[in-house]
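Enquirer: Contents are mmCIF, C-alpha atoms and all ligand atoms; file name target26.cif:
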data_upload
loop_
_atom_site.label_atom_id
_atom_site.label_comp_id
_atom_site.auth_asym_id
_atom_site.auth_seq_id
_atom_site.Cartn_x
_atom_site.Cartn_y
_atom_site.Cartn_z
CA LYS A 192 0.00 0.00 0.00
CA LEU A 193 1.02 3.56 -0.69
CA VAL A 194 1.13 6.10 2.16
CA CYS A 195 2.46 9.64 2.68
CA VAL A 196 4.44 11.08 5.61
CA THR A 197 4.84 14.87 5.76
CA GLY A 198 7.92 16.38 7.43
CA ALA A 199 9.62 13.01 7.01
CA SER A 200 13.08 14.21 8.05
CA GLY A 201 11.93 14.98 11.60
CA TYR A 202 12.57 13.05 14.82
CA ILE A 203 9.18 11.34 15.08
CA ALA A 204 8.53 11.08 11.34
CA SER A 205 11.84 9.30 10.70
CA TRP A 206 10.72 6.48 13.02
CA ILE A 207 7.30 6.38 11.35
CA VAL A 208 8.99 6.04 7.95
CA LYS A 209 11.33 3.34 9.28
CA PHE A 210 8.45 1.26 10.70
CA LEU A 211 6.29 1.76 7.59
CA LEU A 212 9.10 0.49 5.36
CA GLN A 213 9.61 -2.46 7.73
CA ARG A 214 5.93 -3.30 7.36
CA GLY A 215 6.21 -3.32 3.58
CA TYR A 216 4.56 0.00 2.73
CA THR A 217 5.65 2.22 -0.12
CA VAL A 218 6.20 5.70 1.34
CA ARG A 219 5.97 9.14 -0.22
CA ALA A 220 7.96 11.23 2.21
CA THR A 221 7.77 15.01 2.00
CA VAL A 222 10.60 17.32 3.05
CA ARG A 223 11.27 20.96 2.33
CA ASN A 224 14.53 20.24 0.58
CA PRO A 225 15.21 16.70 -0.68
CA ASN A 226 18.72 17.82 -1.72
CA ASN A 227 19.76 18.64 1.84
CA LEU A 228 21.66 15.42 2.51
CA ARG A 229 22.22 16.20 6.19
CA LYS A 230 18.44 16.09 6.65
CA VAL A 231 17.59 13.08 4.48
CA GLU A 232 20.62 10.80 4.42
CA HIS A 233 19.38 8.69 7.35
CA LEU A 234 16.10 8.09 5.51
CA LEU A 235 17.83 6.97 2.32
CA LYS A 236 19.79 4.42 4.37
CA LEU A 237 16.70 2.78 5.92
CA GLU A 238 15.96 -0.83 5.06
CA GLY A 239 13.63 -0.90 2.07
CA ALA A 240 14.26 2.76 1.22
CA GLU A 241 15.91 2.08 -2.09
CA GLU A 242 12.88 0.22 -3.41
CA ARG A 243 9.98 1.85 -1.58
CA LEU A 244 10.86 5.34 -0.32
CA HIS A 245 10.16 8.38 -2.49
CA LEU A 246 11.39 11.74 -1.24
CA LEU A 247 9.32 14.65 -2.47
CA LYS A 248 9.60 18.38 -1.99
CA ALA A 249 6.68 20.17 -0.35
CA ASP A 250 6.34 23.26 1.79
CA LEU A 251 3.52 23.60 4.30
CA LEU A 252 2.72 27.11 3.18
CA SER A 253 2.63 26.67 -0.57
CA GLU A 254 -0.92 26.00 -1.63
CA ASN A 255 -1.72 22.80 -3.50
CA SER A 256 1.86 21.57 -3.06
CA PHE A 257 0.54 18.35 -1.49
CA ASP A 258 -2.17 17.65 -4.11
CA SER A 259 -0.25 15.31 -6.38
CA ILE A 260 1.71 13.84 -3.46
CA VAL A 261 -1.23 12.58 -1.40
CA ASP A 262 -3.26 11.57 -4.45
CA GLY A 263 -2.85 7.83 -4.85
CA CYS A 264 -2.08 7.31 -1.16
CA ASP A 265 -4.36 5.25 1.08
CA GLY A 266 -3.16 6.90 4.29
CA VAL A 267 -1.50 10.22 5.11
CA PHE A 268 0.53 10.91 8.24
CA HIS A 269 0.76 14.66 8.77
CA THR A 270 3.63 15.24 11.18
CA ALA A 271 5.27 18.39 9.79
CA SER A 272 5.01 21.35 12.16
CA PRO A 273 7.68 23.54 13.73
CA PHE A 274 8.63 22.77 17.33
CA PHE A 275 10.81 25.55 18.77
CA ASN A 276 10.70 27.50 21.99
CA ASN A 277 12.66 30.66 21.25
CA VAL A 278 10.75 32.44 18.53
CA LYS A 279 10.75 36.08 17.51
CA ASP A 280 7.61 36.08 15.39
CA PRO A 281 5.27 33.36 16.70
CA GLN A 282 2.65 33.93 14.02
CA ALA A 283 5.06 33.47 11.11
CA GLU A 284 7.41 30.93 12.67
CA LEU A 285 4.95 28.66 14.48
CA ILE A 286 1.26 29.41 14.07
CA ASP A 287 1.05 29.84 10.30
CA PRO A 288 2.99 26.68 9.39
CA ALA A 289 1.05 24.69 12.01
CA VAL A 290 -2.46 25.88 11.19
CA LYS A 291 -2.28 26.83 7.51
CA GLY A 292 0.04 23.88 6.87
CA THR A 293 -2.42 21.43 8.44
CA LEU A 294 -5.32 22.84 6.45
CA ASN A 295 -3.23 22.82 3.29
CA VAL A 296 -2.46 19.10 3.71
CA LEU A 297 -6.04 18.22 4.72
CA LYS A 298 -7.45 20.09 1.71
CA SER A 299 -5.28 18.04 -0.62
CA CYS A 300 -6.44 14.87 1.15
CA ALA A 301 -10.11 15.84 0.83
CA LYS A 302 -9.66 16.46 -2.90
CA SER A 303 -8.21 13.00 -3.49
CA SER A 304 -10.48 9.96 -3.73
CA SER A 305 -7.66 7.62 -2.70
CA VAL A 306 -7.05 8.91 0.84
CA LYS A 307 -8.98 6.79 3.34
CA ARG A 308 -7.56 8.17 6.60
CA VAL A 309 -5.35 10.99 7.83
CA VAL A 310 -3.37 10.59 11.04
CA LEU A 311 -2.45 13.97 12.50
CA THR A 312 0.51 14.38 14.86
CA SER A 313 -1.01 16.66 17.44
CA SER A 314 0.28 16.88 21.01
CA VAL A 315 -0.55 16.95 24.70
CA ALA A 316 0.11 20.64 24.03
CA ALA A 317 -3.37 20.70 22.49
CA VAL A 318 -4.92 18.78 25.41
CA ALA A 319 -3.72 19.79 28.84
CA TYR A 320 -3.17 23.57 28.84
CA ASN A 321 -6.20 25.42 30.18
CA GLU A 322 -7.44 26.93 33.46
CA ARG A 323 -8.19 23.54 35.01
CA PRO A 324 -5.78 22.80 37.87
CA LYS A 325 -3.37 19.92 37.39
CA THR A 326 -2.51 18.12 40.61
CA PRO A 327 -1.46 14.52 41.41
CA GLU A 328 -5.06 13.28 41.61
CA VAL A 329 -6.21 14.91 38.34
CA VAL A 330 -6.42 12.59 35.32
CA VAL A 331 -6.10 14.36 31.98
CA ASP A 332 -7.74 12.45 29.12
CA GLU A 333 -8.87 12.84 25.51
CA THR A 334 -11.92 14.92 26.51
CA TRP A 335 -9.61 17.77 27.59
CA PHE A 336 -8.75 20.59 25.19
CA SER A 337 -6.17 23.29 25.65
CA ASN A 338 -7.58 26.81 25.66
CA SER A 339 -6.09 29.02 22.95
CA ASP A 340 -6.83 32.24 24.90
CA TYR A 341 -5.02 30.81 27.94
CA CYS A 342 -2.00 29.87 25.79
CA ARG A 343 -1.98 33.29 24.11
CA GLU A 344 -2.16 35.14 27.42
CA LEU A 345 0.76 33.18 28.82
CA LYS A 346 2.66 33.51 25.52
CA LEU A 347 2.90 29.72 25.21
CA TRP A 348 3.35 30.01 21.47
CA TYR A 349 4.19 26.43 20.55
CA LEU A 350 1.27 25.16 22.64
CA LEU A 351 -0.95 27.72 20.93
CA SER A 352 0.19 26.60 17.47
CA LYS A 353 -0.64 22.95 18.22
CA THR A 354 -3.98 23.83 19.84
CA LEU A 355 -5.12 25.97 16.91
CA ALA A 356 -3.88 23.40 14.38
CA GLU A 357 -5.79 20.54 15.98
CA GLU A 358 -8.96 22.63 16.34
CA ALA A 359 -8.75 23.61 12.68
CA ALA A 360 -8.17 19.99 11.68
CA TRP A 361 -11.28 18.69 13.48
CA LYS A 362 -13.42 21.48 12.06
CA PHE A 363 -12.19 20.81 8.53
CA SER A 364 -12.53 17.03 8.80
CA LYS A 365 -16.13 17.30 10.04
CA GLU A 366 -17.12 19.78 7.35
CA ASN A 367 -15.48 17.72 4.62
CA ASN A 368 -16.22 14.22 5.82
CA LEU A 369 -12.56 13.30 6.08
CA ASP A 370 -11.57 10.37 8.31
CA LEU A 371 -9.12 11.97 10.76
CA VAL A 372 -7.42 10.45 13.81
CA SER A 373 -5.09 12.47 16.02
CA VAL A 374 -2.16 11.21 18.03
CA ASN A 375 -1.32 13.44 21.02
CA PRO A 376 2.08 12.58 22.47
CA ALA A 377 3.65 14.31 25.46
CA MET A 378 7.38 15.12 25.36
CA VAL A 379 9.02 12.55 23.13
CA VAL A 380 12.33 10.91 24.07
CA GLY A 381 14.28 7.89 22.86
CA PRO A 382 16.85 7.28 20.13
CA LEU A 383 17.40 9.75 17.29
CA LEU A 384 17.63 8.56 13.71
CA GLN A 385 18.14 12.03 12.25
CA ALA A 386 21.36 14.09 12.25
CA GLU A 387 19.88 17.33 13.59
CA LEU A 388 18.99 17.85 17.22
CA ASN A 389 15.25 18.26 17.79
CA THR A 390 13.68 20.23 20.64
CA SER A 391 12.52 17.41 22.93
CA ALA A 392 15.82 15.51 22.74
CA ALA A 393 17.57 18.82 23.43
CA THR A 394 15.83 19.02 26.84
CA ILE A 395 17.61 15.80 27.82
CA LEU A 396 20.93 17.00 26.37
CA ASN A 397 20.60 20.09 28.57
CA LEU A 398 20.37 17.87 31.67
CA ILE A 399 23.61 16.03 30.98
CA ASP A 400 25.62 18.78 29.39
CA GLY A 401 26.82 20.66 32.44
CA SER A 402 23.74 22.74 33.33
CA GLU A 403 23.68 23.78 36.98
CA THR A 404 19.90 23.68 37.29
CA PHE A 405 16.94 21.79 35.88
CA PRO A 406 13.74 23.55 34.77
CA ASN A 407 10.94 23.71 37.33
CA SER A 408 8.53 21.99 34.96
CA THR A 409 6.49 18.82 34.90
CA TYR A 410 5.72 17.06 31.62
CA GLY A 411 4.42 13.76 30.36
CA TRP A 412 7.08 11.61 28.63
CA ILE A 413 6.80 8.94 25.93
CA ASN A 414 9.26 6.95 23.81
CA VAL A 415 9.56 7.89 20.13
CA LYS A 416 9.15 4.22 19.07
CA ASP A 417 5.81 4.04 20.92
CA VAL A 418 4.78 7.28 19.23
CA ALA A 419 5.66 6.00 15.76
CA ASN A 420 3.88 2.70 16.38
CA ALA A 421 0.80 4.53 17.64
CA HIS A 422 0.62 6.48 14.37
CA ILE A 423 0.71 3.31 12.30
CA GLN A 424 -1.80 1.50 14.53
CA ALA A 425 -4.10 4.53 14.41
CA TYR A 426 -4.04 4.18 10.63
CA GLU A 427 -4.25 0.39 10.38
CA ILE A 428 -6.91 -0.28 13.02
CA ALA A 429 -10.17 0.46 11.20
CA SER A 430 -12.08 1.22 14.42
CA ALA A 431 -9.53 3.78 15.66
CA SER A 432 -11.10 7.22 15.98
CA GLY A 433 -10.77 10.58 17.69
CA ARG A 434 -7.71 11.46 19.74
CA TYR A 435 -5.09 9.32 21.49
CA CYS A 436 -3.03 10.79 24.34
CA LEU A 437 0.38 9.13 24.57
CA VAL A 438 2.11 9.37 27.94
CA GLU A 439 4.13 6.70 29.69
CA ARG A 440 4.70 8.76 32.82
CA VAL A 441 4.31 12.33 34.02
CA ALA A 442 7.44 13.52 35.79
CA HIS A 443 9.07 16.70 37.06
CA PHE A 444 12.58 17.44 35.79
CA SER A 445 13.92 16.66 39.30
CA GLU A 446 12.77 13.05 38.78
CA LEU A 447 14.48 12.93 35.38
CA ALA A 448 17.65 14.26 36.98
CA LYS A 449 17.45 11.50 39.63
CA ILE A 450 17.00 8.77 37.02
CA LEU A 451 19.91 10.15 34.99
CA LYS A 452 22.16 10.31 38.06
CA ASP A 453 21.39 6.64 38.80
CA LEU A 454 22.12 5.68 35.20
CA TYR A 455 25.24 7.84 34.87
CA PRO A 456 26.72 8.39 38.36
CA THR A 457 29.88 10.05 36.99
CA TYR A 458 28.04 12.70 34.98
CA GLN A 459 27.40 16.19 36.22
CA ILE A 460 23.62 16.21 36.52
CA PRO A 461 21.93 19.33 37.96
CA GLU A 462 20.67 18.93 41.52
CA LYS A 463 18.67 22.10 41.97
CA SER A 464 15.73 23.80 40.33
CA ALA A 465 16.06 26.88 38.13
CA ASP A 466 13.84 28.84 40.54
CA ASP A 467 12.99 28.90 44.26
CA LYS A 468 9.31 28.12 43.77
CA PRO A 469 7.69 24.85 44.85
CA TYR A 470 7.98 22.15 42.21
CA VAL A 471 5.23 22.27 39.58
CA PRO A 472 2.95 19.39 40.67
CA THR A 473 2.58 16.16 38.75
CA PHE A 474 -0.72 15.01 37.27
CA GLN A 475 -1.91 11.89 35.50
CA VAL A 476 -2.70 11.26 31.85
CA SER A 477 -5.05 8.41 31.02
CA LYS A 478 -3.52 5.47 29.14
CA GLU A 479 -6.84 3.71 28.58
CA LYS A 480 -7.43 4.81 24.99
CA ALA A 481 -3.79 4.49 23.95
CA LYS A 482 -3.74 0.90 25.25
CA SER A 483 -6.24 -0.02 22.53
CA LEU A 484 -3.47 0.77 20.02
CA GLY A 485 -1.38 -2.00 21.60
CA LEU A 486 1.49 0.18 22.76
CA GLU A 487 4.43 -1.11 24.75
CA PHE A 488 4.79 2.03 26.91
CA ILE A 489 8.56 1.78 27.13
CA PRO A 490 9.51 2.90 30.69
CA LEU A 491 10.95 6.40 31.12
CA GLU A 492 14.21 4.98 32.54
CA VAL A 493 14.78 3.00 29.32
CA SER A 494 13.78 5.97 27.14
CA LEU A 495 16.20 8.28 28.93
CA LYS A 496 19.04 5.79 28.60
CA GLU A 497 18.30 5.39 24.88
CA THR A 498 18.24 9.17 24.44
CA VAL A 499 21.57 9.71 26.18
CA GLU A 500 23.27 6.84 24.33
CA SER A 501 21.99 8.24 21.05
CA LEU A 502 23.11 11.80 21.90
CA LYS A 503 26.59 10.45 22.70
CA GLU A 504 26.77 8.34 19.56
CA LYS A 505 25.84 11.34 17.42
CA ASN A 506 28.35 13.56 19.25
CA PHE A 507 25.76 16.02 20.54
CA ALA A 508 26.99 15.46 24.07
CA ASN A 509 30.48 16.73 24.89
CA PHE A 510 31.89 13.38 26.07
P1 LIG B 1 11.38 17.89 14.32
O1 LIG B 1 11.80 19.28 14.56
O2 LIG B 1 12.39 16.84 14.37
O3 LIG B 1 10.58 17.79 12.95
C1 LIG B 1 9.70 18.76 12.52
C2 LIG B 1 9.44 18.55 11.06
O4 LIG B 1 8.52 19.54 10.59
C3 LIG B 1 10.70 18.67 10.22
O5 LIG B 1 10.80 17.50 9.47
C4 LIG B 1 10.47 19.87 9.35
O6 LIG B 1 10.77 19.64 8.00
C5 LIG B 1 8.97 20.02 9.37
N1 LIG B 1 8.62 21.44 9.19
C6 LIG B 1 8.74 22.43 10.07
N2 LIG B 1 8.33 23.59 9.51
C7 LIG B 1 7.97 23.30 8.25
C8 LIG B 1 7.47 24.05 7.14
N3 LIG B 1 7.27 25.37 7.24
N4 LIG B 1 7.20 23.41 5.98
C9 LIG B 1 7.42 22.08 5.87
N5 LIG B 1 7.89 21.31 6.87
C10 LIG B 1 8.16 21.92 8.03
O7 LIG B 1 10.22 17.65 15.36
P2 LIG B 1 9.45 16.39 15.97
O8 LIG B 1 9.69 15.15 15.24
O9 LIG B 1 9.70 16.47 17.40
O10 LIG B 1 7.94 16.86 15.72
C11 LIG B 1 7.13 16.29 14.72
C12 LIG B 1 5.70 16.56 15.06
O11 LIG B 1 5.41 16.00 16.33
C13 LIG B 1 5.31 18.02 15.16
O12 LIG B 1 3.99 18.15 14.66
C14 LIG B 1 5.33 18.29 16.66
O13 LIG B 1 4.48 19.35 17.01
C15 LIG B 1 4.80 16.96 17.16
N6 LIG B 1 5.12 16.66 18.56
C16 LIG B 1 6.42 16.55 18.98
C17 LIG B 1 6.69 16.23 20.29
C18 LIG B 1 8.09 16.06 20.79
O14 LIG B 1 8.29 16.04 22.00
N7 LIG B 1 9.09 15.92 19.93
C19 LIG B 1 5.61 16.03 21.26
C20 LIG B 1 4.29 16.12 20.71
C21 LIG B 1 4.07 16.42 19.41
P3 LIG B 1 12.16 19.95 7.26
O15 LIG B 1 13.04 18.82 7.64
O16 LIG B 1 11.81 19.95 5.82
O17 LIG B 1 12.69 21.24 7.78
#
Let me see the structure of the file written as structure tokens.
Ligand code: NDP

Expert:
Amino acid sequence: KLVCVTGASGYIASWIVKFLLQRGYTVRATVRNPNNLRKVEHLLKLEGAEERLHLLKADLLSENSFDSIVDGCDGVFHTASPFFNNVKDPQAELIDPAVKGTLNVLKSCAKSSSVKRVVLTSSVAAVAYNERPKTPEVVVDETWFSNSDYCRELKLWYLLSKTLAEEAAWKFSKENNLDLVSVNPAMVVGPLLQAELNTSAATILNLIDGSETFPNSTYGWINVKDVANAHIQAYEIASASGRYCLVERVAHFSELAKILKDLYPTYQIPEKSADDKPYVPTFQVSKEKAKSLGLEFIPLEVSLKETVESLKEKNFANF
């Protein structure tokens, strides 16, 4: 079967492409610049790539650029979206590519008679950020939606971009009768296939690379292989529908630091928080729906070890 993966050079998408090729699919993989070897070389080396991987150029913001790419595909995995924290112009750098890009891809899918399902890479960013308190007894699940006004007020631009993109996607899919499933991972960790450092792996690099403090933040964490598998299951399982939160464990950075210190006792791991405030409390994220996709839920300890080993192997870490 023929499928399409947008933003194929990225951290999560590279694993989706790898697993799709392993399962025998033919993959149309979109990237902004197929000639940028640093970004695509790892894809070309994947098993099955020579026979069944087609790299195609497409930009999220150029209209109709996905038309001929998705046409002929049975499934489309839309992962492309910028994930950065330090932005100067949030509208241009994050919100437009996320929202307009998603609508651009979905429009092409709606025009094609071949596309049976679209799997959207959304995020816990589009689920858990609203006025509702998050404390250890609170269980966040797929019925939660982030509040765009709340994100805007707090200048949480990446969260805002993902929230608006997912909202726009559901609206479009309902109006156009498009079969859409969203996958909503928390912070993704685990081995990197790509050569460029992505934002979530960078948070782990920061913990082992000589920082004196860890951020006073609490996030959900999930392994990239579970995330990639969830995308493929969400496409293959006919009864899959709606949203799927993917979180193995919610943990404050102090807990990550502890795990890393146990794994790597000789490394300089930060022991204090970046501020004097009480630690941001933990909360729970329901695994019930995600379990129906048959995930492994690789434990955080294993995911962190895999991340660090990968960062070392790729010379991102200074040792
Ligand atoms: P990466 O930064 O590794 O990949 C992002 C991809 O998006 C790149 O392949 C990039 O393509 C593409 N992209 C960005 N801007 C544009 C644009 N204007 N036009 C075309 N392509 C663009 O990130 P991740 O793998 O981490 O993220 C992938 C998806 O997963 C995103 O939707 C992100 O929001 C979501 N996500 C990530 C989480 C994480 O912790 N990593 C958690 C939850 C969700 P190119 O190579 O061509 O530049």

Enquirer: Given a cut-off of 6 Å, what residues near ligand LIG 1 (chain B) show up using all atoms listed in the file, put as a list in words?

Expert: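 Protein and nucleic-acid residues within 6 Å of ligand LIG 1 (chain B): Gly198, Ala199, Ser200, Gly201, Tyr202, Ile203, Ala204, Val222, Arg223, Asn224, Asp250, Leu251, Thr270, Ala271, Ser272, Pro273, Phe274, Pro288, Thr312, Ser313, Ser314, Pro376, Ala377, Met378, Val379, Asn389 and Ser391 of chain A.
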
Enquirer: Could you check the closest approach to Thr334 (chain A) for each of A:Lys298, A:Lys480, A:Lys307, A:Lys503 and tell me which residue wins, using all atoms listed in the file?

Expert: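 Answer, going by the shortest atom-to-atom distance: A:Lys480.
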
Enquirer: Just to confirm, what's the straight-line distance from CA of Asp265 (chain A) to CA of Leu212 (chain A) in Å (one decimal)?

Expert: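 Between CA of Asp265 (chain A) and CA of Leu212 (chain A) the gap works out to 14.9 Å.
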
Enquirer: Using all atoms listed in the file, which of A:Tyr470, A:Trp348, A:Tyr216, A:Trp335 sits nearest Val278 (chain A)?

Expert: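 Using all atoms listed in the file, Val278 (chain A) sits closest to A:Trp348.
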
Enquirer: Just the residues within 12 Å of Asp466 (chain A), please, counting only C-alpha atoms, with nothing from its chain fewer than 4 positions along; format it as an mmCIF file with C-alpha atoms, in the frame of the given file.

Expert:
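Final file, out_16.cif:
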data_model
loop_
_atom_site.group_PDB
_atom_site.id
_atom_site.type_symbol
_atom_site.label_atom_id
_atom_site.label_comp_id
_atom_site.auth_asym_id
_atom_site.auth_seq_id
_atom_site.Cartn_x
_atom_site.Cartn_y
_atom_site.Cartn_z
ATOM 1 C CA GLU A 403 23.680 23.780 36.980
ATOM 2 C CA THR A 404 19.900 23.680 37.290
ATOM 3 C CA PHE A 405 16.940 21.790 35.880
ATOM 4 C CA PRO A 406 13.740 23.550 34.770
ATOM 5 C CA ASN A 407 10.940 23.710 37.330
ATOM 6 C CA SER A 408 8.530 21.990 34.960
ATOM 7 C CA TYR A 470 7.980 22.150 42.210
ATOM 8 C CA VAL A 471 5.230 22.270 39.580
#

Enquirer: Counting only C-alpha atoms, I want the residues whose atoms come within 8 Å of (-1.2, 0.6, 19.0) in the file frame, returned as a VMD selection string.

Expert: chain A and resid 420 to 425 481 to 486

Enquirer: May I have the centre and edge lengths, in Å to one decimal, of an axis-aligned box around the listed atoms of region 293-301 of chain A with 5 Å added to every side, as lines of an AutoDock Vina configuration file?

Expert:
center_x = -6.3
center_y = 18.9
center_z = 3.9
size_x = 17.7
size_y = 18.0
size_z = 19.1

Enquirer: To one decimal in Å, tell me the separation between CA of Lys346 (chain A) and CA of Ile413 (chain A).

Expert: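 Going from CA of Lys346 (chain A) over to CA of Ile413 (chain A) covers 24.9 Å.
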
Enquirer: CA of Leu495 (chain A) and CA of Glu462 (chain A), how far apart in Å?

Expert: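 Those two atoms sit 17.1 Å apart.
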
Enquirer: Determine, counting all atoms listed in the file, which protein, DNA and RNA residues have an atom within 12 Å of an atom of Ile450 (chain A); residues of the same chain fewer than 6 positions away are not included. Present the result as a list in words.

Expert: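 After dropping sequence-adjacent residues, the list is Ile395, Leu398, Ile399, Ala442, His443, Phe444, Pro456, Tyr458, Ile460, Pro461, Glu462, Pro490, Leu491, Glu492, Val493, Ser494, Leu495, Lys496 and Val499 of chain A.
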
Enquirer: Name the residues in contact with region 351-353 of chain A at a cut-off of 7 Å, using all atoms listed in the file, excluding same-chain residues fewer than 6 positions from it; report them as a list in words.

Expert: Leu285, Ile286, Ala289, Val290, Ser313, Ser314, Ala316, Ala317, Ser339, Cys342 and Arg343 of chain A

Enquirer: Would you pick out the contacts of Lys209 (chain A) at 12 Å or less, using only C-alpha atoms, so that residues sharing its chain but fewer than 6 positions from it are not included, and give the list as number ranges by chain?

Expert: A: 196, 199-203, 215-218, 220, 233-240, 243-244, 383-385, 415-416, 419-420, 423

Enquirer: Might you pull out every residue within 9 Å of region 319-321 of chain A, with only C-alpha atoms counted and same-chain residues fewer than 2 positions away left off, and present them as a compact mmCIF listing (two decimals) with C-alpha atoms, keeping the file's coordinate frame?

Expert:
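Below you can see around33.txt, which holds the result:
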# COMPACT_ATOMS: atom_id res chain seq x y z
CA VAL A 315 -0.55 16.95 24.70
CA ALA A 316 0.11 20.64 24.03
CA ALA A 317 -3.37 20.70 22.49
CA ARG A 323 -8.19 23.54 35.01
CA PRO A 324 -5.78 22.80 37.87
CA LYS A 325 -3.37 19.92 37.39
CA VAL A 331 -6.10 14.36 31.98
CA ASP A 332 -7.74 12.45 29.12
CA TRP A 335 -9.61 17.77 27.59
CA PHE A 336 -8.75 20.59 25.19
CA SER A 337 -6.17 23.29 25.65
CA ASN A 338 -7.58 26.81 25.66
CA SER A 339 -6.09 29.02 22.95
CA ASP A 340 -6.83 32.24 24.90
CA TYR A 341 -5.02 30.81 27.94
CA CYS A 342 -2.00 29.87 25.79
CA LEU A 350 1.27 25.16 22.64

Enquirer: Go through A:Thr409, A:Gln282, A:Thr473, A:Ser373 one by one, measure the shortest atom-to-atom distance of each to Glu333 (chain A) using only C-alpha atoms, and give the residue with the smallest value.

Expert: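 The shortest atom-to-atom distance to Glu333 (chain A) comes from A:Ser373.
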
Enquirer: I need every residue sitting at most 9 Å from the point (22.1, 10.8, 16.1) (coordinates as in the file, all atoms listed in the file considered), written as JSON, numbers by chain.

Expert: {"A": [382, 383, 384, 385, 386, 387, 388, 501, 502, 503, 504, 505, 506, 507]}

Enquirer: Take the selection from the previous step and output its residues with C-alpha atoms, as a short mmCIF file (atom, residue, chain, number, x, y, z; two decimals), in the frame of the given file.

Expert:
data_model
loop_
_atom_site.label_atom_id
_atom_site.label_comp_id
_atom_site.auth_asym_id
_atom_site.auth_seq_id
_atom_site.Cartn_x
_atom_site.Cartn_y
_atom_site.Cartn_z
CA PRO A 382 16.85 7.28 20.13
CA LEU A 383 17.40 9.75 17.29
CA LEU A 384 17.63 8.56 13.71
CA GLN A 385 18.14 12.03 12.25
CA ALA A 386 21.36 14.09 12.25
CA GLU A 387 19.88 17.33 13.59
CA LEU A 388 18.99 17.85 17.22
CA SER A 501 21.99 8.24 21.05
CA LEU A 502 23.11 11.80 21.90
CA LYS A 503 26.59 10.45 22.70
CA GLU A 504 26.77 8.34 19.56
CA LYS A 505 25.84 11.34 17.42
CA ASN A 506 28.35 13.56 19.25
CA PHE A 507 25.76 16.02 20.54
#

Enquirer: For a quick check of understanding, using all atoms listed in the file, which of A:Leu355, A:Leu369, A:Val267, A:Cys436 has the smallest distance to Val418 (chain A)?

Expert: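 Distance minimum relative to Val418 (chain A) lands on A:Cys436.
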
Enquirer: Considering all atoms listed in the file, state which residue in the set A:Asn375, A:Ser402, A:Thr221, A:Thr293 is at the smallest distance from Phe363 (chain A).

Expert: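 That would be A:Thr293, the residue with the smallest distance to Phe363 (chain A).
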
Enquirer: From the set A:Lys248, A:Arg214, A:Arg308, A:Lys449, which residue has the shortest atom-to-atom contact distance to Ala431 (chain A), counting all atoms listed in the file?

Expert: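 Result for the nearest residue to Ala431 (chain A): A:Arg308.
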